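Undergrad: My structure is stored as target_12.cif, with mmCIF, C-alpha atoms and all ligand atoms.
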```
data_entry
#
loop_
_atom_site.group_PDB
_atom_site.id
_atom_site.type_symbol
_atom_site.label_atom_id
_atom_site.label_comp_id
_atom_site.auth_asym_id
_atom_site.auth_seq_id
_atom_site.Cartn_x
_atom_site.Cartn_y
_atom_site.Cartn_z
ATOM 1 C CA MET S 1 73.188 78.323 111.589
ATOM 2 C CA ALA S 2 71.294 81.133 113.320
ATOM 3 C CA THR S 3 71.826 83.905 110.785
ATOM 4 C CA SER S 4 72.534 84.250 107.114
ATOM 5 C CA ASP S 5 75.209 86.915 106.812
ATOM 6 C CA LEU S 6 75.724 89.121 103.767
ATOM 7 C CA ILE S 7 79.349 88.699 102.705
ATOM 8 C CA PHE S 8 81.518 90.181 99.943
ATOM 9 C CA ILE S 9 84.779 88.455 98.931
ATOM 10 C CA THR S 10 87.281 90.054 96.590
ATOM 11 C CA GLY S 11 89.327 87.856 94.281
ATOM 12 C CA SER S 12 86.781 85.057 94.517
ATOM 13 C CA SER S 13 87.299 83.835 90.936
ATOM 14 C CA ASP S 14 90.037 81.431 92.022
ATOM 15 C CA GLY S 15 92.174 80.008 94.822
ATOM 16 C CA LEU S 16 91.490 80.871 98.436
ATOM 17 C CA GLY S 17 88.759 83.398 97.632
ATOM 18 C CA LEU S 18 86.759 80.876 95.590
ATOM 19 C CA LEU S 19 87.156 78.205 98.271
ATOM 20 C CA ALA S 20 86.058 80.622 100.999
ATOM 21 C CA ALA S 21 83.019 81.593 98.920
ATOM 22 C CA GLN S 22 82.041 77.944 98.360
ATOM 23 C CA GLN S 23 82.303 77.187 102.081
ATOM 24 C CA LEU S 24 80.375 80.281 103.185
ATOM 25 C CA ILE S 25 77.601 79.582 100.641
ATOM 26 C CA ALA S 26 77.442 75.967 101.870
ATOM 27 C CA GLN S 27 76.985 77.328 105.403
ATOM 28 C CA GLY S 28 73.934 79.265 104.176
ATOM 29 C CA HIS S 29 75.404 82.745 103.906
ATOM 30 C CA ARG S 30 74.496 85.183 101.113
ATOM 31 C CA VAL S 31 77.755 85.747 99.281
ATOM 32 C CA HIS S 32 78.584 88.339 96.631
ATOM 33 C CA LEU S 33 81.608 87.458 94.508
ATOM 34 C CA HIS S 34 84.184 89.442 92.573
ATOM 35 C CA ALA S 35 86.131 88.864 89.345
ATOM 36 C CA LYS S 36 88.682 91.164 87.734
ATOM 37 C CA ASN S 37 87.016 91.271 84.298
ATOM 38 C CA GLU S 38 84.066 89.947 82.280
ATOM 39 C CA ASP S 39 85.998 86.904 80.992
ATOM 40 C CA ARG S 40 86.895 85.859 84.552
ATOM 41 C CA LYS S 41 83.259 86.454 85.551
ATOM 42 C CA LYS S 42 82.149 83.971 82.851
ATOM 43 C CA ASP S 43 84.731 81.432 84.098
ATOM 44 C CA LEU S 44 83.464 81.882 87.627
ATOM 45 C CA GLU S 45 79.816 81.416 86.641
ATOM 46 C CA LYS S 46 80.749 77.870 85.562
ATOM 47 C CA ARG S 47 82.577 77.050 88.807
ATOM 48 C CA ILE S 48 80.119 77.981 91.550
ATOM 49 C CA THR S 49 76.413 78.088 92.320
ATOM 50 C CA GLY S 50 74.305 79.631 95.039
ATOM 51 C CA TYR S 51 75.925 83.062 94.985
ATOM 52 C CA GLN S 52 74.101 86.409 95.026
ATOM 53 C CA SER S 53 76.054 88.302 92.344
ATOM 54 C CA ILE S 54 79.450 88.552 90.685
ATOM 55 C CA GLN S 55 80.855 92.074 90.709
ATOM 56 C CA VAL S 56 83.555 93.028 88.199
ATOM 57 C CA ALA S 57 86.486 95.379 88.793
ATOM 58 C CA ASP S 58 90.151 95.397 87.864
ATOM 59 C CA PHE S 59 91.897 96.502 91.040
ATOM 60 C CA SER S 60 94.861 97.866 89.113
ATOM 61 C CA VAL S 61 92.514 100.608 87.878
ATOM 62 C CA VAL S 62 91.558 102.905 90.743
ATOM 63 C CA GLU S 63 88.422 104.241 89.042
ATOM 64 C CA GLU S 64 87.105 100.653 88.645
ATOM 65 C CA VAL S 65 87.600 100.094 92.376
ATOM 66 C CA LYS S 66 85.718 103.291 93.222
ATOM 67 C CA GLN S 67 82.900 102.327 90.820
ATOM 68 C CA LEU S 68 82.726 98.910 92.522
ATOM 69 C CA ALA S 69 82.415 100.645 95.891
ATOM 70 C CA ARG S 70 79.468 102.666 94.561
ATOM 71 C CA VAL S 71 77.754 99.454 93.416
ATOM 72 C CA LEU S 72 78.440 97.758 96.758
ATOM 73 C CA ILE S 73 76.693 100.599 98.583
ATOM 74 C CA SER S 74 73.466 99.593 96.831
ATOM 75 C CA VAL S 75 74.074 95.844 97.278
ATOM 76 C CA GLY S 76 75.020 96.043 100.973
ATOM 77 C CA PRO S 77 75.409 96.922 103.754
ATOM 78 C CA PHE S 78 77.517 93.823 104.329
ATOM 79 C CA ASP S 79 78.053 91.913 107.530
ATOM 80 C CA THR S 80 81.530 90.916 106.385
ATOM 81 C CA MET S 81 83.979 92.032 103.719
ATOM 82 C CA ILE S 82 86.920 89.738 102.937
ATOM 83 C CA HIS S 83 89.751 91.542 101.167
ATOM 84 C CA ASN S 84 91.373 88.527 99.545
ATOM 85 C CA ALA S 85 92.354 89.563 95.980
ATOM 86 C CA GLY S 86 96.072 89.799 95.496
ATOM 87 C CA VAL S 87 98.912 89.694 93.008
ATOM 88 C CA TYR S 88 102.454 88.394 93.450
ATOM 89 C CA ASN S 89 104.313 88.557 90.121
ATOM 90 C CA ALA S 90 103.428 92.111 89.212
ATOM 91 C CA SER S 91 104.905 95.576 88.834
ATOM 92 C CA ALA S 92 105.455 97.671 91.955
ATOM 93 C CA GLU S 93 102.543 99.870 90.933
ATOM 94 C CA SER S 94 100.171 96.910 90.506
ATOM 95 C CA LEU S 95 101.311 95.421 93.811
ATOM 96 C CA PHE S 96 100.394 98.675 95.515
ATOM 97 C CA LYS S 97 97.114 99.217 93.685
ATOM 98 C CA VAL S 98 95.764 95.653 93.926
ATOM 99 C CA ASN S 99 97.150 94.567 97.312
ATOM 100 C CA VAL S 100 96.850 97.845 99.247
ATOM 101 C CA LEU S 101 94.969 100.662 97.532
ATOM 102 C CA ALA S 102 91.926 98.640 96.457
ATOM 103 C CA PRO S 103 91.290 97.334 100.018
ATOM 104 C CA TYR S 104 91.723 100.928 101.247
ATOM 105 C CA TRP S 105 89.088 102.386 98.888
ATOM 106 C CA LEU S 106 86.611 99.524 99.333
ATOM 107 C CA SER S 107 86.916 99.949 103.119
ATOM 108 C CA VAL S 108 86.479 103.713 103.249
ATOM 109 C CA LEU S 109 83.874 104.164 100.496
ATOM 110 C CA THR S 110 81.365 101.548 101.671
ATOM 111 C CA PRO S 111 79.233 101.514 104.834
ATOM 112 C CA LEU S 112 81.006 99.878 107.770
ATOM 113 C CA PRO S 113 80.369 96.130 107.944
ATOM 114 C CA ARG S 114 80.534 94.188 111.203
ATOM 115 C CA ARG S 115 83.788 92.563 110.124
ATOM 116 C CA HIS S 116 86.632 93.427 107.750
ATOM 117 C CA ILE S 117 89.158 90.666 106.975
ATOM 118 C CA TYR S 118 92.414 91.375 105.164
ATOM 119 C CA VAL S 119 94.402 88.494 103.631
ATOM 120 C CA SER S 120 98.044 89.373 104.213
ATOM 121 C CA SER S 121 101.027 87.001 104.246
ATOM 122 C CA ASP S 122 103.923 86.014 106.488
ATOM 123 C CA MET S 123 106.101 87.302 103.683
ATOM 124 C CA HIS S 124 105.264 90.737 105.129
ATOM 125 C CA LEU S 125 107.909 89.962 107.777
ATOM 126 C CA GLY S 126 110.552 90.496 105.098
ATOM 127 C CA GLY S 127 108.994 93.769 103.950
ATOM 128 C CA SER S 128 109.540 97.352 104.964
ATOM 129 C CA PRO S 129 107.150 100.310 104.945
ATOM 130 C CA ARG S 130 108.956 102.435 102.374
ATOM 131 C CA LEU S 131 106.242 105.035 102.152
ATOM 132 C CA ASP S 132 108.236 107.921 100.693
ATOM 133 C CA GLU S 133 108.679 106.206 97.364
ATOM 134 C CA LEU S 134 104.889 105.948 96.992
ATOM 135 C CA THR S 135 104.672 109.713 96.701
ATOM 136 C CA HIS S 136 107.878 110.532 94.876
ATOM 137 C CA GLY S 137 110.684 108.734 93.124
ATOM 138 C CA ARG S 138 110.672 105.333 91.470
ATOM 139 C CA MET S 139 108.405 102.799 93.123
ATOM 140 C CA THR S 140 110.273 99.590 93.993
ATOM 141 C CA LEU S 141 107.624 98.084 96.258
ATOM 142 C CA THR S 142 107.837 94.286 96.609
ATOM 143 C CA TYR S 143 105.118 91.755 97.399
ATOM 144 C CA SER S 144 106.445 91.560 100.982
ATOM 145 C CA ASP S 145 106.240 95.352 101.343
ATOM 146 C CA SER S 146 102.679 95.362 100.002
ATOM 147 C CA LYS S 147 101.539 92.740 102.507
ATOM 148 C CA LEU S 148 103.121 94.733 105.350
ATOM 149 C CA LEU S 149 101.251 97.823 104.134
ATOM 150 C CA LEU S 150 98.027 95.787 104.075
ATOM 151 C CA LEU S 151 98.604 94.762 107.698
ATOM 152 C CA LEU S 152 99.311 98.404 108.599
ATOM 153 C CA LEU S 153 96.022 99.308 106.909
ATOM 154 C CA ALA S 154 94.138 96.706 108.945
ATOM 155 C CA LYS S 155 95.721 97.995 112.165
ATOM 156 C CA ALA S 156 94.924 101.606 111.232
ATOM 157 C CA PHE S 157 91.293 100.769 110.489
ATOM 158 C CA ALA S 158 90.990 98.800 113.742
ATOM 159 C CA ARG S 159 91.972 101.977 115.634
ATOM 160 C CA ARG S 160 89.744 104.188 113.492
ATOM 161 C CA TRP S 161 86.606 102.005 113.685
ATOM 162 C CA PRO S 162 86.535 100.401 117.151
ATOM 163 C CA THR S 163 83.034 98.974 116.678
ATOM 164 C CA VAL S 164 84.123 96.853 113.687
ATOM 165 C CA LYS S 165 86.009 93.555 114.036
ATOM 166 C CA ILE S 166 89.022 94.085 111.821
ATOM 167 C CA ASN S 167 91.597 91.330 111.448
ATOM 168 C CA ALA S 168 94.329 90.153 109.107
ATOM 169 C CA LEU S 169 95.708 86.701 108.399
ATOM 170 C CA HIS S 170 98.352 84.580 106.750
ATOM 171 C CA PRO S 171 96.776 81.595 104.954
ATOM 172 C CA GLY S 172 100.015 79.620 104.743
ATOM 173 C CA TRP S 173 101.987 78.893 101.588
ATOM 174 C CA VAL S 174 99.260 76.952 99.850
ATOM 175 C CA PRO S 175 98.815 75.411 96.381
ATOM 176 C CA THR S 176 96.840 77.985 94.411
ATOM 177 C CA LYS S 177 97.695 79.756 91.166
ATOM 178 C CA MET S 178 99.754 82.150 93.296
ATOM 179 C CA GLY S 179 101.271 79.606 95.685
ATOM 180 C CA GLY S 180 102.198 77.090 92.956
ATOM 181 C CA ALA S 181 101.507 73.353 92.771
ATOM 182 C CA ASN S 182 104.336 72.454 95.167
ATOM 183 C CA ALA S 183 103.358 74.775 98.001
ATOM 184 C CA PRO S 184 103.882 72.863 101.267
ATOM 185 C CA ASP S 185 100.974 74.034 103.446
ATOM 186 C CA ASP S 186 97.418 72.708 103.682
ATOM 187 C CA LEU S 187 94.966 74.482 101.362
ATOM 188 C CA GLN S 188 91.910 73.610 103.476
ATOM 189 C CA LYS S 189 93.546 74.914 106.638
ATOM 190 C CA GLY S 190 94.581 77.983 104.654
ATOM 191 C CA VAL S 191 90.999 78.899 103.862
ATOM 192 C CA GLU S 192 89.608 77.932 107.275
ATOM 193 C CA THR S 193 90.894 81.063 108.994
ATOM 194 C CA GLN S 194 89.157 83.423 106.549
ATOM 195 C CA VAL S 195 85.888 81.557 106.958
ATOM 196 C CA TRP S 196 86.234 81.424 110.749
ATOM 197 C CA LEU S 197 87.043 85.143 111.044
ATOM 198 C CA ALA S 198 84.106 85.936 108.758
ATOM 199 C CA THR S 199 81.460 84.238 110.836
ATOM 200 C CA SER S 200 82.612 82.800 114.154
ATOM 201 C CA ASN S 201 81.515 84.037 117.558
ATOM 202 C CA ASP S 202 84.655 82.542 119.098
ATOM 203 C CA PRO S 203 86.006 85.299 121.413
ATOM 204 C CA LEU S 204 89.340 85.226 119.567
ATOM 205 C CA ALA S 205 87.663 85.796 116.198
ATOM 206 C CA SER S 206 85.576 88.565 117.753
ATOM 207 C CA GLY S 207 88.597 90.666 118.685
ATOM 208 C CA SER S 208 90.046 93.347 116.432
ATOM 209 C CA GLY S 209 93.424 94.547 115.158
ATOM 210 C CA GLN S 210 94.857 91.031 115.246
ATOM 211 C CA TYR S 211 96.937 88.887 112.868
ATOM 212 C CA PHE S 212 96.236 85.148 112.543
ATOM 213 C CA PHE S 213 97.612 81.930 111.095
ATOM 214 C CA HIS S 214 95.531 78.763 111.338
ATOM 215 C CA LYS S 215 93.074 80.394 113.786
ATOM 216 C CA LYS S 216 95.859 81.346 116.190
ATOM 217 C CA LEU S 217 97.474 84.705 116.866
ATOM 218 C CA ARG S 218 100.689 85.037 114.913
ATOM 219 C CA ARG S 219 103.846 87.101 115.379
ATOM 220 C CA TYR S 220 103.994 90.065 112.994
ATOM 221 C CA HIS S 221 106.298 92.904 111.917
ATOM 222 C CA GLU S 222 106.763 95.429 114.732
ATOM 223 C CA ALA S 223 106.243 98.335 112.304
ATOM 224 C CA ALA S 224 102.591 97.306 111.949
ATOM 225 C CA ASP S 225 101.804 98.837 115.359
ATOM 226 C CA MET S 226 103.508 102.158 114.653
ATOM 227 C CA VAL S 227 100.724 104.712 114.618
ATOM 228 C CA ALA S 228 102.683 107.379 112.738
ATOM 229 C CA ILE S 229 103.331 104.929 109.873
ATOM 230 C CA GLN S 230 99.690 103.803 109.883
ATOM 231 C CA ASP S 231 98.507 107.419 109.678
ATOM 232 C CA ARG S 232 100.944 108.302 106.915
ATOM 233 C CA LEU S 233 99.837 105.270 104.894
ATOM 234 C CA ILE S 234 96.195 106.304 105.220
ATOM 235 C CA GLU S 235 97.095 109.806 104.097
ATOM 236 C CA ILE S 236 99.014 108.484 101.069
ATOM 237 C CA CYS S 237 96.208 106.120 100.058
ATOM 238 C CA SER S 238 93.635 108.906 100.282
ATOM 239 C CA THR S 239 95.624 111.191 97.977
ATOM 240 C CA PHE S 240 97.361 108.683 95.683
ATOM 241 C CA ASN S 241 97.101 109.807 92.072
ATOM 242 C CA ASP S 242 96.297 107.153 89.492
HETATM 243 N N1 LIG I 301 98.805 81.004 97.942
HETATM 244 C C1 LIG I 301 99.630 81.328 98.905
HETATM 245 O O1 LIG I 301 100.560 80.573 99.220
HETATM 246 C C2 LIG I 301 99.456 82.620 99.680
HETATM 247 C C3 LIG I 301 100.311 82.859 100.767
HETATM 248 C C4 LIG I 301 100.147 84.020 101.514
HETATM 249 C C5 LIG I 301 99.142 84.917 101.156
HETATM 250 N N2 LIG I 301 98.345 84.673 100.076
HETATM 251 C C6 LIG I 301 97.322 85.672 99.754
HETATM 252 O O2 LIG I 301 96.070 85.030 99.626
HETATM 253 C C7 LIG I 301 95.220 85.786 98.753
HETATM 254 C C8 LIG I 301 94.583 84.857 97.752
HETATM 255 O O3 LIG I 301 95.625 84.334 96.926
HETATM 256 P P1 LIG I 301 95.538 82.922 96.204
HETATM 257 O O4 LIG I 301 96.665 82.130 96.705
HETATM 258 O O5 LIG I 301 94.161 82.387 96.289
HETATM 259 O O6 LIG I 301 95.919 83.365 94.718
HETATM 260 P P2 LIG I 301 95.134 83.264 93.331
HETATM 261 O O7 LIG I 301 94.595 81.913 93.136
HETATM 262 O O8 LIG I 301 96.073 83.822 92.337
HETATM 263 O O9 LIG I 301 93.899 84.257 93.548
HETATM 264 C C9 LIG I 301 94.067 85.635 93.581
HETATM 265 C C10 LIG I 301 92.738 86.295 93.314
HETATM 266 O O10 LIG I 301 92.966 87.722 93.136
HETATM 267 C C11 LIG I 301 92.407 88.091 91.863
HETATM 268 N N3 LIG I 301 93.108 89.188 91.202
HETATM 269 C C12 LIG I 301 94.353 89.158 90.651
HETATM 270 N N4 LIG I 301 94.611 90.336 90.045
HETATM 271 C C13 LIG I 301 93.523 91.118 90.206
HETATM 272 C C14 LIG I 301 93.179 92.423 89.767
HETATM 273 N N5 LIG I 301 94.013 93.177 89.029
HETATM 274 N N6 LIG I 301 91.966 92.913 90.099
HETATM 275 C C15 LIG I 301 91.109 92.171 90.829
HETATM 276 N N7 LIG I 301 91.363 90.926 91.253
HETATM 277 C C16 LIG I 301 92.565 90.393 90.936
HETATM 278 C C17 LIG I 301 92.551 86.828 91.026
HETATM 279 O O11 LIG I 301 91.777 86.925 89.857
HETATM 280 P P3 LIG I 301 92.226 86.042 88.568
HETATM 281 O O12 LIG I 301 92.025 84.610 88.982
HETATM 282 O O13 LIG I 301 91.324 86.488 87.488
HETATM 283 O O14 LIG I 301 93.662 86.378 88.319
HETATM 284 C C18 LIG I 301 92.099 85.781 92.020
HETATM 285 O O15 LIG I 301 90.708 85.761 92.134
HETATM 286 C C19 LIG I 301 96.120 86.860 98.128
HETATM 287 O O16 LIG I 301 95.907 88.103 98.763
HETATM 288 C C20 LIG I 301 97.518 86.368 98.420
HETATM 289 O O17 LIG I 301 98.465 87.418 98.481
HETATM 290 C C21 LIG I 301 98.477 83.550 99.343
#
```
Here is a file; write its structure as structure tokens.
Ligand SMILES: NC(=O)c1ccc[n+]([C@@H]2O[C@H](COP(=O)([O-])OP(=O)(O)OC[C@H]3O[C@@H](n4cnc5c(N)ncnc54)[C@H](OP(=O)(O)O)[C@@H]3O)[C@@H](O)[C@H]2O)c1
TA:
Amino acid sequence: MATSDLIFITGSSDGLGLLAAQQLIAQGHRVHLHAKNEDRKKDLEKRITGYQSIQVADFSVVEEVKQLARVLISVGPFDTMIHNAGVYNASAESLFKVNVLAPYWLSVLTPLPRRHIYVSSDMHLGGSPRLDELTHGRMTLTYSDSKLLLLLLAKAFARRWPTVKINALHPGWVPTKMGGANAPDDLQKGVETQVWLATSNDPLASGSGQYFFHKKLRRYHEAADMVAIQDRLIEICSTFND
């Protein structure tokens, strides 16, 4: 390996994030990890070696995310940030805060890395960008909606920061705590795409504003390219009241 990149991975206490961290450390990269609280940090300390630090923040609490961003400014600047943390069985508010708002704040409050990677899901294809209910009315956001909003965020940032490689991916339905023991897809192949997008000089991985599955471009929801929706989402995230 020619360089040792500085990488931050959210949700690296378990599942795909932990696997990605282990692989990137094994490749010689300097990896900062993240756990949602001190107990999960202690669990993580027992499961991995060779990391730089474990940062703690509960993404369902906006002020904790912003405090994390302040810490990351002193730890970075990063070559790559992987926005991997996510929840599935959660309230609409937690789905929005953890799956969408936290990646927003970490992206805008920290110095631009060379690469931003957002872990979305093919379930976003069943979602819709119901933005109005984020600002008024009862929030009924689903997991699928949240992963569509995350893809919209990635597309919006790719337009806003053309010098940064910004991509999103679907890891497959894989056997993690979230995916369940009977998930049909290959866990190793699921993590490969994150790791590849984080470090590869493959021309495909060096593009921006793309959506991948197993290192190949993947069909995505047509709303993700709608600039007016992207801009409105950015506006809502920037003003969302905790
Ligand atoms: N597994 C699948 O089949 C599948 C399919 C499509 C997309 N994805 C996406 O892949 C990503 C990784 O999921 P996974 O399958 O590896 O699931 P996982 O094993 O449940 O890991 C999720 C990670 O997010 C962290 N997290 C959960 N709530 C958090 C909070 N409030 N604040 C901060 N961090 C929090 C978890 O911490 P704790 O361990 O402490 O809870 C864990 O580190 C997610 O974005 C998910 O939506 C997964």
Undergrad: Where does the PyMOL selection byres (((not hetatm)) within 7 of (chain I and resi 301)) land in this file, that is, which residues does it pick, as a PDB file with C-alpha atoms, keeping the file's coordinate frame?
TA:
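Saved as part-v2.pdb:
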```pdb
ATOM      1  CA  THR S  10      87.281  90.054  96.590  1.00  0.00           C
ATOM      2  CA  GLY S  11      89.327  87.856  94.281  1.00  0.00           C
ATOM      3  CA  SER S  12      86.781  85.057  94.517  1.00  0.00           C
ATOM      4  CA  SER S  13      87.299  83.835  90.936  1.00  0.00           C
ATOM      5  CA  ASP S  14      90.037  81.431  92.022  1.00  0.00           C
ATOM      6  CA  GLY S  15      92.174  80.008  94.822  1.00  0.00           C
ATOM      7  CA  LEU S  16      91.490  80.871  98.436  1.00  0.00           C
ATOM      8  CA  GLY S  17      88.759  83.398  97.632  1.00  0.00           C
ATOM      9  CA  ALA S  35      86.131  88.864  89.345  1.00  0.00           C
ATOM     10  CA  LYS S  36      88.682  91.164  87.734  1.00  0.00           C
ATOM     11  CA  ARG S  40      86.895  85.859  84.552  1.00  0.00           C
ATOM     12  CA  ALA S  57      86.486  95.379  88.793  1.00  0.00           C
ATOM     13  CA  ASP S  58      90.151  95.397  87.864  1.00  0.00           C
ATOM     14  CA  PHE S  59      91.897  96.502  91.040  1.00  0.00           C
ATOM     15  CA  SER S  60      94.861  97.866  89.113  1.00  0.00           C
ATOM     16  CA  ASN S  84      91.373  88.527  99.545  1.00  0.00           C
ATOM     17  CA  ALA S  85      92.354  89.563  95.980  1.00  0.00           C
ATOM     18  CA  GLY S  86      96.072  89.799  95.496  1.00  0.00           C
ATOM     19  CA  VAL S  87      98.912  89.694  93.008  1.00  0.00           C
ATOM     20  CA  TYR S  88     102.454  88.394  93.450  1.00  0.00           C
ATOM     21  CA  VAL S  98      95.764  95.653  93.926  1.00  0.00           C
ATOM     22  CA  ASN S  99      97.150  94.567  97.312  1.00  0.00           C
ATOM     23  CA  VAL S 119      94.402  88.494 103.631  1.00  0.00           C
ATOM     24  CA  SER S 120      98.044  89.373 104.213  1.00  0.00           C
ATOM     25  CA  SER S 121     101.027  87.001 104.246  1.00  0.00           C
ATOM     26  CA  ASP S 122     103.923  86.014 106.488  1.00  0.00           C
ATOM     27  CA  HIS S 170      98.352  84.580 106.750  1.00  0.00           C
ATOM     28  CA  PRO S 171      96.776  81.595 104.954  1.00  0.00           C
ATOM     29  CA  GLY S 172     100.015  79.620 104.743  1.00  0.00           C
ATOM     30  CA  TRP S 173     101.987  78.893 101.588  1.00  0.00           C
ATOM     31  CA  VAL S 174      99.260  76.952  99.850  1.00  0.00           C
ATOM     32  CA  PRO S 175      98.815  75.411  96.381  1.00  0.00           C
ATOM     33  CA  THR S 176      96.840  77.985  94.411  1.00  0.00           C
ATOM     34  CA  LYS S 177      97.695  79.756  91.166  1.00  0.00           C
ATOM     35  CA  MET S 178      99.754  82.150  93.296  1.00  0.00           C
ATOM     36  CA  GLY S 179     101.271  79.606  95.685  1.00  0.00           C
ATOM     37  CA  ALA S 183     103.358  74.775  98.001  1.00  0.00           C
TER      38      ALA S 183
END
```
Undergrad: Would you translate the PyMOL selection byres (((chain S and resi 169) around 10) and not hetatm) into the concrete set of residues it matches in this file, as a count of residues only?
TA: 25
Undergrad: Could you work out how far CA of Phe96 (chain S) lies from CA of Leu68 (chain S), giving the answer in Å with one decimal?
TA: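 Pair CA of Leu68 (chain S) / CA of Phe96 (chain S) returns 17.9 Å.
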Undergrad: So what do you get for CA of Gly137 (chain S) versus CA of Val62 (chain S), distance-wise?
TA: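 Separating CA of Gly137 (chain S) from CA of Val62 (chain S) is a distance of 20.1 Å.
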Undergrad: Tell me which residues the PyMOL selection byres (((chain S and resi 112) around 8) and not hetatm) grabs here, as number ranges by chain.
TA: S: 77-78, 107, 110-111, 113-114, 164
Undergrad: Name all residues at most 12 Å from Val227 (chain S) (count only C-alpha atoms; drop same-chain ones fewer than 5 positions away) and give them as a PyMOL selection string.
TA: chain S and resi 152-160+222+232-234
Undergrad: In Å, with one decimal, what is the gap from CA of Val71 (chain S) to CA of Asn201 (chain S)?
TA: 28.9 Å
Undergrad: Compare S:Ile48, S:Leu150, S:Ala90, S:Leu125 by their minimum atom-to-atom distance to Cys237 (chain S), counting all atoms listed in the file, and give me the closest one.
TA: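 Of all the options, S:Leu150 lies closest to Cys237 (chain S).
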Undergrad: Let me make sure I understand: among S:Thr80, S:Thr163, S:Ser4, S:Thr135, which one has the smallest atom-to-atom distance to Val195 (chain S) if we use all atoms listed in the file?
TA: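 Distance minimum relative to Val195 (chain S) lands on S:Thr80.
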Undergrad: Box for region 162-170 of chain S - axis-aligned, 6 Å on each of the six sides, all listed atoms - centre and size in Å to one decimal, as JSON.
TA:
```
{"center_x": 90.7, "center_y": 92.5, "center_z": 112.0, "size_x": 27.3, "size_y": 27.8, "size_z": 22.4}
```
Undergrad: From the options S:Leu149, S:Ala69, S:Leu109, S:Leu204, which residue's atoms come nearest to Asp225 (chain S), counting all atoms listed in the file?
TA: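 Of the candidates, the smallest distance to Asp225 (chain S) is held by S:Leu149.
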Undergrad: Quick one: which region 133-234 of chain S residues come within 12 Å of region 25-29 of chain S, and what is the nearest atom pair for each with the distance in Å to one decimal, counting all atoms listed in the file, rows ordered by chain and ascending number, as a tab-separated table?
TA:
```
residue	atom	partner	partner_atom	distance
S:Val195	CA	S:Gln27	CA	10.0
S:Trp196	CA	S:Gln27	CA	11.4
S:Ala198	CA	S:His29	CA	10.5
S:Thr199	CA	S:His29	CA	9.3
S:Ser200	CA	S:Gln27	CA	11.8
```
Undergrad: Counting all atoms listed in the file, which of S:Met81, S:Leu33, S:Ala223, S:Val65 gets nearest to Gly50 (chain S)?
TA: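 Ranking S:Met81, S:Leu33, S:Ala223, S:Val65 by distance to Gly50 (chain S), first place goes to S:Leu33.
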Undergrad: My list of candidates is S:Val56, S:Leu18, S:Gly127, S:Ala228. Which is closest to Lys41 (chain S) when distances are computed with all atoms listed in the file?
TA: S:Val56
Undergrad: Go through S:Glu93, S:Thr49, S:Ser208, S:Asp43 and flag the residue nearest Gln23 (chain S), using all atoms listed in the file for the distances.
TA: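 Smallest separation from Gln23 (chain S) among the options: S:Thr49.
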Undergrad: Pick out the residues sitting within 7 Å of Tyr143 (chain S), and hand them over as a ChimeraX atom specification; count only C-alpha atoms, and ignore anything fewer than 3 positions along from it in its own chain.
TA: /S:88,95,146-147
